[in-house]
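Peer 1: Dropping in entry_20.json, which is JSON, C-alpha atoms:
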[["chain", "number", "residue", "atom", "x", "y", "z"],
["A", 1, "MET", "CA", -59.50, 133.54, 48.43],
["A", 2, "SER", "CA", -57.80, 135.41, 51.24],
["A", 3, "ASP", "CA", -59.08, 138.72, 52.58],
["A", 4, "ARG", "CA", -55.97, 140.40, 51.20],
["A", 5, "GLN", "CA", -56.61, 138.98, 47.73],
["A", 6, "ALA", "CA", -60.23, 140.18, 47.88],
["A", 7, "ILE", "CA", -59.03, 143.67, 48.87],
["A", 8, "PHE", "CA", -56.44, 143.61, 46.06],
["A", 9, "ASP", "CA", -59.12, 142.63, 43.54],
["A", 10, "THR", "CA", -61.45, 145.40, 44.73],
["A", 11, "VAL", "CA", -58.67, 148.00, 44.75],
["A", 12, "THR", "CA", -57.60, 147.10, 41.22],
["A", 13, "ALA", "CA", -61.24, 147.32, 40.09],
["A", 14, "GLN", "CA", -61.37, 150.80, 41.68],
["A", 15, "ILE", "CA", -58.20, 151.80, 39.79],
["A", 16, "GLU", "CA", -59.51, 150.81, 36.36],
["A", 17, "PRO", "CA", -61.55, 154.00, 35.65],
["A", 18, "PHE", "CA", -58.45, 156.05, 36.54],
["A", 19, "ASN", "CA", -56.02, 153.81, 34.58],
["A", 20, "LYS", "CA", -55.93, 155.90, 31.41],
["A", 21, "LYS", "CA", -52.68, 154.29, 30.20],
["A", 22, "GLY", "CA", -53.91, 150.70, 30.61],
["A", 23, "VAL", "CA", -51.03, 149.83, 32.93],
["A", 24, "ALA", "CA", -50.98, 146.19, 34.12],
["A", 25, "LEU", "CA", -51.74, 146.36, 37.84],
["A", 26, "GLU", "CA", -49.44, 144.50, 40.21],
["A", 27, "GLU", "CA", -48.41, 144.78, 43.86],
["A", 28, "GLY", "CA", -45.50, 147.06, 42.91],
["A", 29, "THR", "CA", -47.39, 149.34, 40.52],
["A", 30, "THR", "CA", -46.78, 152.94, 41.63],
["A", 31, "PHE", "CA", -49.46, 155.61, 41.48],
["A", 32, "ALA", "CA", -47.16, 158.53, 40.61],
["A", 33, "GLY", "CA", -44.63, 156.71, 38.43],
["A", 34, "ASP", "CA", -46.42, 153.89, 36.62],
["A", 35, "LEU", "CA", -49.94, 155.34, 36.49],
["A", 36, "GLU", "CA", -48.72, 158.96, 36.24],
["A", 37, "TRP", "CA", -51.50, 160.27, 38.48],
["A", 38, "ASP", "CA", -51.61, 163.89, 39.54],
["A", 39, "SER", "CA", -52.72, 164.97, 43.01],
["A", 40, "LEU", "CA", -56.34, 165.51, 41.95],
["A", 41, "THR", "CA", -56.61, 162.00, 40.53],
["A", 42, "VAL", "CA", -55.10, 160.60, 43.75],
["A", 43, "MET", "CA", -57.65, 162.48, 45.86],
["A", 44, "ASP", "CA", -60.57, 161.24, 43.72],
["A", 45, "PHE", "CA", -59.25, 157.68, 43.90],
["A", 46, "VAL", "CA", -58.69, 157.80, 47.67],
["A", 47, "ALA", "CA", -62.26, 159.02, 48.13],
["A", 48, "ALA", "CA", -63.53, 156.09, 46.04],
["A", 49, "VAL", "CA", -61.49, 153.59, 48.08],
["A", 50, "GLU", "CA", -62.65, 155.13, 51.37],
["A", 51, "ASP", "CA", -66.29, 154.84, 50.24],
["A", 52, "GLU", "CA", -65.86, 151.28, 48.97],
["A", 53, "PHE", "CA", -64.25, 149.95, 52.16],
["A", 54, "ASP", "CA", -65.82, 152.39, 54.66],
["A", 55, "VAL", "CA", -62.41, 153.46, 55.99],
["A", 56, "LEU", "CA", -60.58, 156.76, 56.46],
["A", 57, "ILE", "CA", -57.12, 157.05, 54.93],
["A", 58, "THR", "CA", -55.36, 159.95, 56.65],
["A", 59, "MET", "CA", -53.10, 162.38, 54.82],
["A", 60, "ASN", "CA", -50.12, 160.93, 56.72],
["A", 61, "MET", "CA", -51.01, 157.44, 55.50],
["A", 62, "GLN", "CA", -51.48, 158.70, 51.94],
["A", 63, "ALA", "CA", -48.01, 160.23, 51.99],
["A", 64, "GLU", "CA", -46.50, 156.81, 52.74],
["A", 65, "ILE", "CA", -48.51, 154.82, 50.17],
["A", 66, "GLU", "CA", -46.72, 154.65, 46.84],
["A", 67, "THR", "CA", -47.76, 151.26, 45.42],
["A", 68, "VAL", "CA", -50.92, 149.20, 44.95],
["A", 69, "GLY", "CA", -49.59, 146.63, 47.44],
["A", 70, "GLN", "CA", -49.01, 149.27, 50.11],
["A", 71, "LEU", "CA", -52.57, 150.52, 49.64],
["A", 72, "VAL", "CA", -53.93, 146.99, 49.97],
["A", 73, "ASP", "CA", -51.96, 146.52, 53.21],
["A", 74, "ALA", "CA", -53.23, 149.85, 54.56],
["A", 75, "VAL", "CA", -56.87, 149.01, 53.79],
["A", 76, "GLN", "CA", -56.46, 145.55, 55.34],
["A", 77, "LYS", "CA", -55.02, 147.10, 58.50],
["A", 78, "LEU", "CA", -57.82, 149.70, 58.70],
["A", 79, "LYS", "CA", -60.48, 146.99, 58.26],
["A", 80, "GLN", "CA", -59.27, 145.02, 61.31]]
Rewrite the coordinates I just gave you, this time as structure tokens.

Peer 2:
Amino acid sequence: MSDRQAIFDTVTAQIEPFNKKGVALEEGTTFAGDLEWDSLTVMDFVAAVEDEFDVLITMNMQAEIETVGQLVDAVQKLKQ
């Protein structure tokens, strides 16, 4: 399993408690559109991801991350 796949698996596991609609999670799943998250849910989720991976996702980065795949790429980049 690649590092990216491991990050994807961990991120999707982190999403599950917030996935109230039971949306199937894929690379292109959007947080605002598909999961219908509000800003508070996003902030709680980002905090969980930051704790899990021991990274800091800046507000500028958050503004550019719209999909699960983009988040996985951002975490992978921050982990390097």

Peer 1: Which of these residues is nearest to Met61 of chain A, using all atoms listed in the file: A:Gln14, A:Val23, A:Gly28, A:Lys77?

Peer 2: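 For Met61 of chain A, the nearest of the given residues is A:Lys77.
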
Peer 1: Quick one: distance from atom CA of Gly33 of chain A to atom CA of Glu16 of chain A in Å, one decimal?

Peer 2: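 Going from atom CA of Gly33 of chain A over to atom CA of Glu16 of chain A covers 16.1 Å.
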
Peer 1: Mind pulling up the distance from atom CA of Ile57 of chain A to atom CA of Lys21 of chain A?

Peer 2: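 Result for atom CA of Lys21 of chain A versus atom CA of Ile57 of chain A: 25.3 Å, one decimal.
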
Peer 1: Skip Ala63 of chain A itself and residues of its chain fewer than 4 positions away, then list as a list in words all residues within 12 Å of it, counting only C-alpha atoms.

Peer 2: Phe31, Ala32, Ser39, Val42, Met43, Val46, Ile57, Thr58, Met59, Thr67, Gln70, Leu71 and Ala74 of chain A

Peer 1: Need the shell around Ala6 of chain A: protein/DNA/RNA residues with any atom at most 12 Å away, counting only C-alpha atoms. Skip same-chain ones fewer than 2 positions apart. Format as an MDAnalysis selection string?

Peer 2: chainID A and resid 1:4 8:13 53 72:73 75:76

Peer 1: Which residues, written as a PyMOL selection string, have at least one atom at most 12 Å from Ala24 of chain A, with only C-alpha atoms counted and residues fewer than 5 positions away on the same chain left out?

Peer 2: chain A and resi 12-13+15-16+19+29-30+34-35+68

Peer 1: Give me, please, the distance in Å between atom CA of Gln62 of chain A and atom CA of Glu26 of chain A, quoted to one decimal.

Peer 2: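 Spanning atom CA of Gln62 of chain A to atom CA of Glu26 of chain A is a straight-line distance of 18.5 Å.
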
Peer 1: Of the candidates A:Glu36, A:Ala48, A:Gln80, A:Asp54, which one gets nearest to Glu66 of chain A if we count only C-alpha atoms?

Peer 2: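 Between A:Glu36, A:Ala48, A:Gln80, A:Asp54, the residue approaching Glu66 of chain A most closely is A:Glu36.
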
Peer 1: Some atoms are missing, so please complete segment 43-68 of chain A with N, CA, C and O atoms and return it as a short mmCIF file (atom, residue, chain, number, x, y, z; two decimals), keeping the file's coordinate frame.

Peer 2:
data_model
loop_
_atom_site.label_atom_id
_atom_site.label_comp_id
_atom_site.auth_asym_id
_atom_site.auth_seq_id
_atom_site.Cartn_x
_atom_site.Cartn_y
_atom_site.Cartn_z
N MET A 43 -56.60 162.14 44.90
CA MET A 43 -57.65 162.48 45.86
C MET A 43 -58.99 161.85 45.47
O MET A 43 -59.71 161.33 46.32
N ASP A 44 -59.33 161.87 44.18
CA ASP A 44 -60.57 161.24 43.72
C ASP A 44 -60.54 159.74 43.97
O ASP A 44 -61.53 159.15 44.41
N PHE A 45 -59.39 159.12 43.69
CA PHE A 45 -59.25 157.68 43.90
C PHE A 45 -59.33 157.31 45.37
O PHE A 45 -60.02 156.36 45.74
N VAL A 46 -58.65 158.08 46.22
CA VAL A 46 -58.69 157.80 47.67
C VAL A 46 -60.13 157.90 48.18
O VAL A 46 -60.57 157.05 48.96
N ALA A 47 -60.86 158.88 47.72
CA ALA A 47 -62.26 159.02 48.13
C ALA A 47 -63.08 157.79 47.71
O ALA A 47 -63.90 157.29 48.48
N ALA A 48 -62.82 157.28 46.51
CA ALA A 48 -63.53 156.09 46.04
C ALA A 48 -63.20 154.87 46.89
O ALA A 48 -64.09 154.08 47.24
N VAL A 49 -61.92 154.72 47.24
CA VAL A 49 -61.49 153.59 48.08
C VAL A 49 -62.10 153.70 49.48
O VAL A 49 -62.59 152.72 50.04
N GLU A 50 -62.07 154.91 50.03
CA GLU A 50 -62.65 155.13 51.37
C GLU A 50 -64.14 154.76 51.37
O GLU A 50 -64.62 154.11 52.30
N ASP A 51 -64.86 155.17 50.34
CA ASP A 51 -66.29 154.84 50.24
C ASP A 51 -66.50 153.34 50.09
O ASP A 51 -67.38 152.75 50.73
N GLU A 52 -65.71 152.71 49.25
CA GLU A 52 -65.86 151.28 48.97
C GLU A 52 -65.64 150.43 50.22
O GLU A 52 -66.37 149.48 50.48
N PHE A 53 -64.62 150.77 51.01
CA PHE A 53 -64.25 149.95 52.16
C PHE A 53 -64.73 150.53 53.49
O PHE A 53 -64.52 149.93 54.54
N ASP A 54 -65.36 151.72 53.45
CA ASP A 54 -65.82 152.39 54.66
C ASP A 54 -64.68 152.58 55.65
O ASP A 54 -64.77 152.17 56.81
N VAL A 55 -63.59 153.16 55.17
CA VAL A 55 -62.41 153.46 55.99
C VAL A 55 -62.01 154.91 55.76
O VAL A 55 -62.48 155.55 54.81
N LEU A 56 -61.13 155.42 56.62
CA LEU A 56 -60.58 156.76 56.46
C LEU A 56 -59.07 156.65 56.33
O LEU A 56 -58.40 156.16 57.22
N ILE A 57 -58.56 157.07 55.18
CA ILE A 57 -57.12 157.05 54.93
C ILE A 57 -56.61 158.47 55.19
O ILE A 57 -56.93 159.38 54.44
N THR A 58 -55.84 158.62 56.26
CA THR A 58 -55.36 159.95 56.65
C THR A 58 -54.33 160.47 55.65
O THR A 58 -53.74 159.70 54.90
N MET A 59 -54.10 161.77 55.70
CA MET A 59 -53.10 162.38 54.82
C MET A 59 -51.71 161.80 55.10
O MET A 59 -50.93 161.60 54.18
N ASN A 60 -51.42 161.53 56.37
CA ASN A 60 -50.12 160.93 56.72
C ASN A 60 -49.98 159.56 56.08
O ASN A 60 -48.90 159.21 55.58
N MET A 61 -51.06 158.76 56.12
CA MET A 61 -51.01 157.44 55.50
C MET A 61 -50.83 157.57 53.99
O MET A 61 -50.05 156.85 53.38
N GLN A 62 -51.57 158.50 53.39
CA GLN A 62 -51.48 158.70 51.94
C GLN A 62 -50.06 159.03 51.51
O GLN A 62 -49.60 158.56 50.47
N ALA A 63 -49.37 159.82 52.32
CA ALA A 63 -48.01 160.23 51.99
C ALA A 63 -47.05 159.04 51.93
O ALA A 63 -46.06 159.08 51.22
N GLU A 64 -47.37 157.98 52.68
CA GLU A 64 -46.50 156.81 52.74
C GLU A 64 -46.87 155.73 51.73
O GLU A 64 -46.11 154.80 51.52
N ILE A 65 -48.03 155.84 51.11
CA ILE A 65 -48.51 154.82 50.17
C ILE A 65 -48.09 155.19 48.76
O ILE A 65 -48.55 156.19 48.22
N GLU A 66 -47.21 154.39 48.19
CA GLU A 66 -46.72 154.65 46.84
C GLU A 66 -47.11 153.58 45.84
O GLU A 66 -47.10 153.82 44.64
N THR A 67 -47.46 152.37 46.33
CA THR A 67 -47.76 151.26 45.42
C THR A 67 -49.14 150.66 45.72
O THR A 67 -49.71 150.88 46.79
N VAL A 68 -49.63 149.90 44.78
CA VAL A 68 -50.92 149.20 44.95
C VAL A 68 -50.84 148.28 46.17
O VAL A 68 -51.75 148.24 47.00
#
